[in-house]
file work23.txt (compact mmCIF, C-alpha atoms)
# COMPACT_ATOMS: atom_id res chain seq x y z
CA MET A 1 -35.75 47.11 -6.71
CA LYS A 2 -35.81 46.31 -3.08
CA VAL A 3 -33.28 44.39 -1.12
CA LYS A 4 -34.37 41.00 0.01
CA ILE A 5 -32.35 39.37 2.71
CA ALA A 6 -32.96 35.83 3.80
CA SER A 7 -31.32 34.20 6.76
CA PHE A 8 -31.69 30.48 6.80
CA LEU A 9 -29.72 27.32 6.42
CA LEU A 10 -28.91 26.73 2.80
CA VAL A 11 -30.29 23.64 1.20
CA LEU A 12 -27.84 21.69 -0.87
CA GLY A 13 -28.37 22.35 -4.53
CA VAL A 14 -30.63 25.33 -4.02
CA ALA A 15 -27.95 27.81 -3.18
CA ALA A 16 -24.27 27.43 -2.88
CA VAL A 17 -21.07 29.14 -1.88
CA PRO A 18 -18.63 30.05 -4.63
CA ALA A 19 -16.56 27.21 -5.95
CA LEU A 20 -13.61 29.37 -6.72
CA ALA A 21 -12.66 31.24 -3.61
CA HIS A 22 -8.94 30.63 -3.33
CA HIS A 23 -9.16 31.70 0.28
CA SER A 24 -11.67 30.90 2.98
CA PHE A 25 -15.21 31.97 2.12
CA ALA A 26 -16.13 31.77 5.80
CA ALA A 27 -13.48 34.32 6.71
CA GLU A 28 -15.55 37.08 5.15
CA PHE A 29 -19.02 35.92 4.18
CA ASP A 30 -21.94 34.25 5.90
CA GLY A 31 -23.17 31.25 3.94
CA LYS A 32 -26.44 31.40 5.89
CA LYS A 33 -27.37 34.92 4.83
CA THR A 34 -28.37 35.32 1.22
CA VAL A 35 -29.17 38.54 -0.59
CA LYS A 36 -30.81 39.47 -3.87
CA LEU A 37 -29.93 42.86 -5.29
CA GLU A 38 -31.43 44.60 -8.32
CA GLY A 39 -29.99 47.81 -9.62
CA ALA A 40 -27.74 49.66 -12.01
CA LEU A 41 -24.07 48.87 -12.34
CA THR A 42 -22.03 51.96 -11.44
CA LYS A 43 -18.53 50.45 -11.70
CA LEU A 44 -16.79 47.20 -12.54
CA GLU A 45 -13.28 46.57 -11.25
CA TRP A 46 -11.67 43.87 -13.38
CA THR A 47 -8.86 43.27 -10.90
CA ASN A 48 -7.06 40.55 -9.01
CA PRO A 49 -7.63 38.70 -6.82
CA HIS A 50 -11.38 39.06 -7.54
CA ILE A 51 -13.48 41.31 -9.69
CA TRP A 52 -15.81 43.72 -7.87
CA LEU A 53 -19.18 44.98 -9.02
CA TYR A 54 -20.70 48.20 -7.66
CA VAL A 55 -24.44 48.61 -7.86
CA ASP A 56 -26.91 51.30 -6.84
CA VAL A 57 -29.93 49.57 -5.36
CA LYS A 58 -33.01 51.66 -4.68
CA ASP A 59 -34.52 51.27 -1.24
CA GLU A 60 -38.24 51.45 -0.41
CA SER A 61 -38.23 55.25 -0.80
CA GLY A 62 -36.47 55.10 -4.14
CA THR A 63 -33.17 56.34 -2.74
CA PRO A 64 -30.16 54.63 -4.32
CA VAL A 65 -28.08 52.64 -1.84
CA LYS A 66 -24.55 51.66 -2.81
CA TRP A 67 -23.64 47.97 -2.68
CA GLN A 68 -20.43 46.17 -3.64
CA CYS A 69 -20.15 42.52 -4.58
CA GLU A 70 -17.15 40.29 -5.08
CA GLY A 71 -17.01 38.10 -8.19
CA GLY A 72 -14.58 35.46 -9.40
CA PRO A 73 -10.89 35.80 -10.18
CA PRO A 74 -10.36 37.55 -13.55
CA ASN A 75 -8.08 34.78 -14.80
CA VAL A 76 -10.74 32.15 -14.33
CA LEU A 77 -13.41 34.35 -15.87
CA THR A 78 -11.15 35.10 -18.85
CA ARG A 79 -10.59 31.39 -19.48
CA ASN A 80 -14.34 30.97 -19.53
CA GLY A 81 -14.77 33.65 -22.17
CA TRP A 82 -15.75 36.70 -20.11
CA THR A 83 -14.11 40.10 -20.41
CA LYS A 84 -14.19 43.43 -18.59
CA ASP A 85 -16.59 44.55 -21.30
CA SER A 86 -19.13 41.81 -20.64
CA LEU A 87 -20.98 44.34 -18.46
CA LYS A 88 -21.22 48.09 -18.95
CA VAL A 89 -21.82 50.87 -16.49
CA GLY A 90 -25.54 51.51 -16.42
CA ASP A 91 -26.53 47.91 -17.11
CA GLN A 92 -29.39 46.75 -14.93
CA VAL A 93 -28.30 43.63 -13.08
CA THR A 94 -29.71 41.18 -10.60
CA ILE A 95 -27.12 39.80 -8.21
CA GLU A 96 -27.73 36.90 -5.88
CA GLY A 97 -25.16 36.06 -3.29
CA TRP A 98 -24.18 36.03 0.36
CA LEU A 99 -23.74 38.88 2.78
CA ALA A 100 -20.49 39.88 4.43
CA LYS A 101 -20.30 38.99 8.10
CA ASP A 102 -19.45 42.55 9.12
CA GLY A 103 -22.88 43.90 8.21
CA SER A 104 -21.60 46.20 5.49
CA LYS A 105 -23.36 46.44 2.15
CA THR A 106 -21.00 43.89 0.70
CA CYS A 107 -21.83 40.58 -0.91
CA ASN A 108 -20.21 37.63 -2.58
CA ALA A 109 -21.96 37.17 -5.93
CA ARG A 110 -23.21 33.71 -6.75
CA SER A 111 -24.96 34.84 -9.91
CA VAL A 112 -25.19 38.02 -11.94
CA LYS A 113 -27.98 38.31 -14.49
CA LEU A 114 -29.12 40.85 -17.03
CA PRO A 115 -32.82 41.78 -17.31
CA ASN A 116 -33.29 39.21 -20.10
CA GLY A 117 -32.10 36.50 -17.74
CA GLN A 118 -28.71 36.05 -19.35
CA ALA A 119 -26.09 35.07 -16.78
CA VAL A 120 -22.86 37.05 -16.76
CA PHE A 121 -19.59 35.88 -15.25
CA ALA A 122 -20.89 32.37 -14.72
CA GLY A 123 -18.49 29.49 -15.11
CA SER A 124 -15.77 28.08 -13.01
CA SER A 125 -12.16 27.00 -13.17
CA ASN A 126 -13.41 23.49 -12.78
CA SER A 127 -12.98 23.06 -16.47
CA GLU A 128 -15.42 21.86 -18.98
CA TYR A 129 -14.36 18.26 -18.96
CA LYS A 130 -14.79 17.77 -15.22
CA MET B 1 -17.13 22.57 12.33
CA SER B 2 -20.15 20.91 10.78
CA SER B 3 -21.26 24.12 9.10
CA ARG B 4 -17.92 24.33 7.37
CA LEU B 5 -18.32 20.80 6.13
CA ILE B 6 -21.75 21.66 4.82
CA LEU B 7 -20.35 24.66 2.99
CA LEU B 8 -17.71 22.52 1.35
CA SER B 9 -20.27 19.99 0.22
CA ILE B 10 -22.25 22.80 -1.27
CA THR B 11 -19.14 24.15 -2.93
CA VAL B 12 -18.64 20.89 -4.75
CA SER B 13 -22.21 20.95 -5.96
CA LEU B 14 -21.79 24.45 -7.33
CA ALA B 15 -18.79 23.37 -9.35
CA PHE B 16 -21.25 21.47 -11.45
CA ALA B 17 -24.10 23.94 -11.14
CA THR B 18 -22.00 26.71 -12.67
CA ALA B 19 -20.69 24.81 -15.66
CA PRO B 20 -19.78 27.29 -18.37
CA ALA B 21 -22.67 28.24 -20.57
CA PHE B 22 -20.54 28.03 -23.69
CA GLY B 23 -17.43 26.35 -25.02
CA GLN B 24 -16.61 22.91 -26.21
CA LYS B 25 -15.94 20.10 -23.80
CA PHE B 26 -12.17 19.97 -23.43
CA LYS B 27 -10.38 16.76 -24.27
CA PRO B 28 -6.76 16.46 -23.17
CA PRO B 29 -4.27 15.49 -25.90
CA GLU B 30 -3.55 11.81 -26.36
CA GLY B 31 -0.18 10.16 -26.85
CA PRO B 32 2.69 8.47 -25.08
CA THR B 33 4.61 9.97 -22.16
CA PRO B 34 7.10 12.48 -23.60
CA ARG B 35 10.70 12.12 -22.50
CA THR B 36 13.74 14.35 -22.15
CA ALA B 37 17.04 13.74 -23.95
CA ASP B 38 18.27 11.67 -21.00
CA GLY B 39 15.23 9.41 -21.18
CA LYS B 40 13.39 10.69 -18.11
CA PRO B 41 9.69 11.52 -18.34
CA ASP B 42 9.25 15.16 -19.34
CA LEU B 43 6.69 16.75 -17.01
CA SER B 44 6.79 20.11 -18.81
CA GLY B 45 3.55 21.84 -19.65
CA VAL B 46 0.69 23.88 -18.28
CA TRP B 47 -1.38 21.69 -16.01
CA ASP B 48 -4.91 22.07 -14.78
CA LEU B 49 -4.94 21.17 -11.10
CA PRO B 50 -8.11 19.83 -9.51
CA TYR B 51 -9.36 22.22 -6.85
CA VAL B 52 -9.11 20.44 -3.52
CA PRO B 53 -10.72 22.62 -0.86
CA ASP B 54 -11.09 19.68 1.53
CA MET B 55 -8.58 16.84 1.45
CA SER B 56 -10.93 14.57 3.35
CA LYS B 57 -13.33 14.61 0.41
CA THR B 58 -13.28 12.94 -2.97
CA GLY B 59 -14.01 15.22 -5.93
CA PRO B 60 -13.41 15.56 -9.66
CA ASN B 61 -10.01 14.08 -10.52
CA GLN B 62 -9.15 13.78 -6.84
CA LYS B 63 -9.52 11.16 -4.12
CA GLY B 64 -9.33 11.90 -0.43
CA ILE B 65 -9.80 9.87 2.72
CA ALA B 66 -12.91 10.38 4.78
CA GLU B 67 -11.43 10.28 8.26
CA LEU B 68 -8.23 12.15 8.84
CA PRO B 69 -6.40 10.52 11.77
CA LEU B 70 -6.08 13.64 13.89
CA THR B 71 -4.11 13.45 17.11
CA GLU B 72 -5.39 15.22 20.19
CA TRP B 73 -3.23 18.22 19.28
CA GLY B 74 -4.47 18.04 15.70
CA GLN B 75 -8.07 17.96 16.87
CA SER B 76 -7.56 21.06 18.97
CA GLN B 77 -6.02 22.87 15.98
CA TRP B 78 -8.91 21.82 13.77
CA LYS B 79 -11.71 22.65 16.20
CA ASN B 80 -10.24 25.99 17.10
CA TYR B 81 -9.68 27.19 13.54
CA HIS B 82 -11.86 30.20 12.82
CA PRO B 83 -10.88 31.88 9.53
CA GLU B 84 -12.87 35.00 10.34
CA GLU B 85 -10.38 35.62 13.15
CA GLY B 86 -7.41 35.37 10.79
CA ASP B 87 -7.14 34.11 7.23
CA TYR B 88 -3.56 33.90 6.04
CA THR B 89 -4.44 33.29 2.41
CA GLY B 90 -6.95 36.13 2.31
CA ALA B 91 -4.21 38.27 3.84
CA CYS B 92 -1.95 37.30 0.90
CA LEU B 93 0.60 35.40 2.96
CA PRO B 94 2.19 32.45 1.16
CA PHE B 95 -0.12 29.52 0.57
CA GLY B 96 2.66 27.00 1.19
CA LEU B 97 3.30 23.80 -0.70
CA VAL B 98 0.17 21.72 -0.21
CA ARG B 99 -2.36 24.53 -0.45
CA SER B 100 -0.73 25.85 -3.63
CA ILE B 101 -1.18 22.44 -5.22
CA ASN B 102 -4.74 22.34 -3.87
CA SER B 103 -5.59 25.71 -5.42
CA PRO B 104 -8.05 26.02 -8.32
CA MET B 105 -5.52 27.67 -10.62
CA PRO B 106 -3.12 26.01 -13.06
CA MET B 107 0.61 25.39 -12.74
CA GLN B 108 3.35 25.29 -15.37
CA ILE B 109 6.20 22.81 -14.99
CA VAL B 110 9.58 23.64 -16.50
CA GLN B 111 12.19 20.90 -16.23
CA ASN B 112 15.82 20.15 -16.98
CA ASN B 113 18.14 17.45 -15.63
CA LYS B 114 18.93 19.41 -12.46
CA TYR B 115 15.66 21.08 -11.53
CA VAL B 116 11.92 20.82 -11.82
CA SER B 117 10.31 24.23 -11.48
CA LEU B 118 6.70 24.43 -10.37
CA ASN B 119 5.25 27.76 -11.49
CA PHE B 120 1.91 28.31 -9.83
CA GLU B 121 -0.59 30.81 -11.19
CA VAL B 122 -1.96 31.38 -7.71
CA ASP B 123 -0.21 34.58 -6.68
CA ASN B 124 2.46 33.68 -9.26
CA TRP B 125 4.43 31.74 -6.66
CA PHE B 126 7.07 29.31 -7.85
CA LEU B 127 8.88 26.41 -6.26
CA ILE B 128 12.18 25.08 -7.59
CA VAL B 129 12.79 21.43 -6.80
CA PRO B 130 16.40 20.22 -7.24
CA ILE B 131 16.56 16.72 -8.74
CA ASP B 132 20.37 16.44 -8.85
CA GLY B 133 20.77 14.22 -5.82
CA ARG B 134 21.39 16.87 -3.18
CA LYS B 135 20.15 16.49 0.37
CA HIS B 136 17.73 18.79 2.19
CA ARG B 137 19.25 22.11 3.11
CA ASP B 138 19.73 23.07 6.75
CA GLN B 139 18.01 26.42 6.84
CA VAL B 140 15.32 28.46 8.52
CA ALA B 141 11.90 26.82 8.25
CA THR B 142 9.74 28.27 5.47
CA TRP B 143 6.12 28.47 4.34
CA ALA B 144 6.69 26.05 1.45
CA GLY B 145 9.31 23.91 3.18
CA ASP B 146 12.43 22.53 1.50
CA SER B 147 11.88 20.22 -1.44
CA VAL B 148 14.23 17.79 -3.13
CA GLY B 149 13.31 15.33 -5.84
CA HIS B 150 14.59 12.14 -7.34
CA TRP B 151 13.45 9.62 -9.92
CA GLU B 152 12.23 6.18 -8.98
CA GLY B 153 11.83 4.62 -12.39
CA ASP B 154 9.42 6.86 -14.27
CA THR B 155 8.08 8.48 -11.10
CA LEU B 156 9.36 11.78 -9.76
CA VAL B 157 9.40 11.67 -5.96
CA ILE B 158 9.32 15.10 -4.30
CA ASP B 159 10.22 15.05 -0.61
CA THR B 160 9.49 18.19 1.42
CA VAL B 161 10.37 19.03 5.04
CA ASN B 162 11.27 22.06 7.17
CA PHE B 163 7.92 23.84 7.13
CA ASN B 164 7.26 26.80 9.43
CA GLY B 165 3.86 25.37 10.36
CA ARG B 166 1.96 28.59 9.58
CA THR B 167 -0.12 27.30 6.68
CA ARG B 168 -3.20 25.12 6.40
CA LEU B 169 -3.37 22.13 4.10
CA ASP B 170 -6.57 23.15 2.32
CA THR B 171 -9.21 25.87 2.05
CA ILE B 172 -11.37 24.41 4.78
CA GLY B 173 -8.37 24.62 7.08
CA HIS B 174 -7.08 21.17 7.91
CA PRO B 175 -4.09 21.69 10.17
CA HIS B 176 -0.46 20.66 10.14
CA SER B 177 2.55 21.38 12.31
CA ASP B 178 6.18 22.24 11.68
CA GLN B 179 6.82 18.49 11.76
CA LEU B 180 5.04 18.09 8.43
CA HIS B 181 6.75 15.84 5.92
CA VAL B 182 5.16 15.65 2.47
CA ILE B 183 6.05 12.93 0.00
CA GLN B 184 4.67 13.28 -3.51
CA ARG B 185 4.91 10.76 -6.30
CA TRP B 186 4.27 12.27 -9.73
CA THR B 187 3.94 9.96 -12.73
CA ARG B 188 3.21 11.24 -16.23
CA THR B 189 1.08 8.32 -17.27
CA ASP B 190 0.60 9.59 -20.83
CA LEU B 191 0.85 12.82 -22.79
CA GLY B 192 -2.20 14.38 -21.18
CA HIS B 193 -1.98 13.40 -17.53
CA ILE B 194 0.16 13.32 -14.39
CA ALA B 195 -0.99 10.95 -11.66
CA VAL B 196 -0.16 12.35 -8.24
CA GLU B 197 -0.04 10.57 -4.92
CA MET B 198 0.54 12.84 -1.95
CA THR B 199 1.40 11.47 1.48
CA ILE B 200 0.92 13.68 4.53
CA ASP B 201 3.18 12.55 7.36
CA ASP B 202 2.93 14.77 10.44
CA PRO B 203 3.15 12.82 13.72
CA LYS B 204 2.24 15.86 15.82
CA THR B 205 -1.03 16.43 13.93
CA TYR B 206 -1.94 12.98 12.57
CA SER B 207 -1.52 9.62 14.26
CA LYS B 208 -0.42 7.98 11.01
CA PRO B 209 0.50 9.06 7.49
CA TRP B 210 -2.38 9.45 5.05
CA LYS B 211 -2.68 9.84 1.31
CA ASN B 212 -4.51 11.97 -1.21
CA SER B 213 -4.39 11.19 -4.92
CA ARG B 214 -5.29 13.30 -7.89
CA THR B 215 -4.70 13.80 -11.61
CA PHE B 216 -3.23 16.85 -13.30
CA THR B 217 -4.49 17.42 -16.85
CA LEU B 218 -2.43 19.00 -19.62
CA ARG B 219 -3.86 22.24 -21.05
CA PRO B 220 -1.86 23.10 -24.18
CA ASP B 221 -4.40 25.86 -24.83
CA TRP B 222 -3.61 27.70 -21.57
CA GLU B 223 -0.81 29.98 -20.47
CA ILE B 224 -0.06 31.03 -16.93
CA MET B 225 -1.54 34.47 -16.34
CA GLU B 226 -0.56 37.27 -13.98
CA TYR B 227 -2.24 36.99 -10.61
CA SER B 228 -1.84 39.26 -7.64
CA CYS B 229 -3.50 38.75 -4.29
CA GLU B 230 -2.44 42.24 -3.29
CA GLU B 231 -3.71 44.21 -6.30
CA ASN B 232 -7.23 44.96 -5.12
CA ASN B 233 -7.63 43.06 -1.87
CA LYS B 234 -10.49 45.23 -0.67
CA SER B 235 -11.59 42.56 1.73
CA LEU B 236 -8.38 42.93 3.70
CA TRP B 237 -8.11 46.70 3.42
CA GLU B 238 -11.72 47.22 4.54
CA GLY B 239 -11.27 44.94 7.52
CA ARG B 240 -13.49 42.03 6.55
CA ILE B 241 -10.48 39.71 6.33
CA LYS B 242 -8.04 39.77 9.22
CA VAL B 243 -4.35 38.98 9.33
CA PRO B 244 -3.72 36.00 11.60
CA LYS B 245 -1.61 36.36 14.69
CA TYR B 246 1.18 33.79 14.89
call {"tool": "encode", "arguments": {"input": "work23.txt", "output": "structure tokens"}}
result
Amino acid sequence: MKVKIASFLLVLGVAAVPALAHHSFAAEFDGKKTVKLEGALTKLEWTNPHIWLYVDVKDESGTPVKWQCEGGPPNVLTRNGWTKDSLKVGDQVTIEGWLAKDGSKTCNARSVKLPNGQAVFAGSSNSEYK
Amino acid sequence: MSSRLILLSITVSLAFATAPAFGQKFKPPEGPTPRTADGKPDLSGVWDLPYVPDMSKTGPNQKGIAELPLTEWGQSQWKNYHPEEGDYTGACLPFGLVRSINSPMPMQIVQNNKYVSLNFEVDNWFLIVPIDGRKHRDQVATWAGDSVGHWEGDTLVIDTVNFNGRTRLDTIGHPHSDQLHVIQRWTRTDLGHIAVEMTIDDPKTYSKPWKNSRTFTLRPDWEIMEYSCEENNKSLWEGRIKVPKY
């Protein structure tokens, strides 16, 4: 339940920036600062240009801390079979991603997983045949 | 600069790492090049465009050139590009011609004997290309420039000039100037594919013209969907993305 923040140079293939940002990833996020968040989903915004996930993450004292993470574009996710109902408020999720450069509790989600390890909102617009 | 290149390399790797967990492998339809009533190739359809975040790289369905021939001015524009200080696409300003075609979202072509209409999903922009023999219009420079097209055999040649110079060619931010001249040669090689050769000619930014080639793939199972950069652009509203100063 605690926030783990790592700041190091990413190693190719171990971690990666999102493939689908239509705009510059570097404008907002720091590809050298990763974050792993575990907590309960409080809201999902299935909106353009990106979906947003809101999660309460308990700190060391057990106090919930509000985080927000950007996901992929809804059109791309829809084409890959995901819907706004793929996650429900209250679901426990583990999000791995990169921190915003401004120091706010904002991340760009590389992966979102349920407690059983199932990935949610994975997939990319680089279609199946590529 | 090098960190951005690293990020792009990583981006390409993730495209494979995040392959969908379900779904059948898509195979484009097979058959001969369809034609309109006047015998020209019919480019109509919804096309999957290869995402080209860095035109100096080669990726799936896309071939770039490793060394872009930047002029001294071009080098200065490239080295001094810092998207965190101003990101025009994140700020929902028009992508422009080249970056729209480089985007990861599909495009629908609608065609008759006077026009070819390029209907991009990215921000639902469209670009109407006259193919009736007219010359370039004399007008105020624009984000997407002024395009006219003509047929050379079975190849549609789209010639675009009169850019305002405010866009970047690709996500990583390769520069261009208002002297940009883009020549595209689109050939529907069969039912399922359009082969594209794009020439970037910009003497202020590049010492010689250079090419990028790619393949569009027909997706009869897709429709263009609504897309709005402005709908919930929290990143801009909360100050993490900044509007560039021109």
call {"tool": "residues_around", "arguments": {"input": "work23.txt", "residues": "A:Ser104", "least_positions_apart": "5", "cutoff": "12 Å", "atoms": "all atoms listed in the file", "output": "list in words"}}
result
Glu28, Phe29, Asp30, Val65, Lys66, Trp67, Gln68, Cys69, Trp98 and Leu99 of chain A; Ser235, Glu238, Gly239 and Arg240 of chain B
call {"tool": "residues_around", "arguments": {"input": "work23.txt", "residues": "B:Val98", "least_positions_apart": "6", "cutoff": "9 Å", "atoms": "all atoms listed in the file", "output": "ChimeraX atom specification"}}
result
/B:144,167-170,182
call {"tool": "atom_distance", "arguments": {"input": "work23.txt", "atom1": "atom CA of A:Lys101", "atom2": "atom CA of A:Gly72"}}
result
18.7 Å
call {"tool": "residues_around", "arguments": {"input": "work23.txt", "residues": "B:His150", "least_positions_apart": "4", "cutoff": "12 Å", "atoms": "only C-alpha atoms", "output": "ChimeraX atom specification"}}
result
/B:40,113-116,129-135,154-160,183-186
call {"tool": "closest_residue", "arguments": {"input": "work23.txt", "among": "B:Glu152, B:Glu72, B:Asp201, B:Asp87", "to": "chain A", "atoms": "all atoms listed in the file"}}
result
B:Asp87
call {"tool": "residues_around", "arguments": {"input": "work23.txt", "residues": "B:Trp125", "least_positions_apart": "2", "cutoff": "12 Å", "atoms": "only C-alpha atoms", "output": "PyMOL selection string"}}
result
chain B and resi 92-97+99-101+103+105-108+117-123+127-128+143-144+224-229
